[in-house]
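Have a look at the structure below, then the notes.
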Amino acid sequence: MSKAPFHDEFTLSETAVGLGKKAMDLGLIPSFVVRYFPDSQQFYIPNENESSPLTPEEAYLRLKKLVEQSGQ
């Protein structure tokens, strides 16, 4: 079993940001926004159907799926 690249919410957020940058580099998404608050972060991944904020967990899962589907 592979080890997760994060161990708390902070490193999960960092991992999601890294996946967001990779997805942008691959042309899978045009942009993404991270709003930082003292105790949390919100991720916005624009698309035509929804633009609601995502938790770090939701952003990680969505971006990981996009990058894996692209074969990278």
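Every chain in the structure tokens has a letter given in the order shown (A, B, ...), and although residue numbers restart at 1 in each chain, ligands are simply numbered from 1 in the order shown.
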
When you look at Pro56 in chain A with a cut-off of 8 Å (counting only C-alpha atoms), what residues show up, excluding the ones that are within fewer than 6 positions of it in the same chain? I need them as a tab-separated table (two decimals) with N, CA, C and O atoms, in the first residue's frame.
chain	number	residue	atom	x	y	z
A	9	GLU	N	-4.08	18.49	7.96
A	9	GLU	CA	-4.81	19.38	7.05
A	9	GLU	C	-3.87	20.33	6.31
A	9	GLU	O	-4.08	20.63	5.13
A	12	LEU	N	-2.15	18.36	3.61
A	12	LEU	CA	-3.18	18.02	2.62
A	12	LEU	C	-3.43	19.21	1.71
A	12	LEU	O	-3.51	19.07	0.49
A	13	SER	N	-3.54	20.40	2.29
A	13	SER	CA	-3.75	21.61	1.49
A	13	SER	C	-2.57	21.86	0.55
A	13	SER	O	-2.75	22.19	-0.62
A	16	ALA	N	-2.83	19.46	-2.30
A	16	ALA	CA	-3.89	19.88	-3.23
A	16	ALA	C	-3.41	21.04	-4.09
A	16	ALA	O	-3.70	21.09	-5.29
A	41	GLN	N	-8.73	26.51	4.67
A	41	GLN	CA	-8.60	26.99	3.31
A	41	GLN	C	-9.83	26.56	2.51
A	41	GLN	O	-10.44	25.55	2.82
A	42	GLN	N	-10.14	27.36	1.48
A	42	GLN	CA	-11.20	27.00	0.54
A	42	GLN	C	-10.59	27.00	-0.85
A	42	GLN	O	-9.85	27.91	-1.20
A	43	PHE	N	-10.93	25.99	-1.63
A	43	PHE	CA	-10.42	25.86	-2.99
A	43	PHE	C	-11.56	26.10	-3.97
A	43	PHE	O	-12.67	25.63	-3.76

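Among the residues of chain A, backbone DSSP assigns strand (DSSP E) to A:Val33, A:Val34, A:Arg35, A:Tyr36, A:Gln41, A:Gln42, A:Phe43, A:Tyr44.
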
Practice task
Mind the document's chain letters and residue numbers, and return as a ChimeraX atom specification the residues of chain A that DSSP labels helix (DSSP H, G or I).
Solution key: /A:9-25,56-69

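The residue that comes closest to Thr15 in chain A, out of A:Asn47, A:Leu66, A:Leu28, A:Tyr60 and on the basis of only C-alpha atoms, is A:Tyr60.
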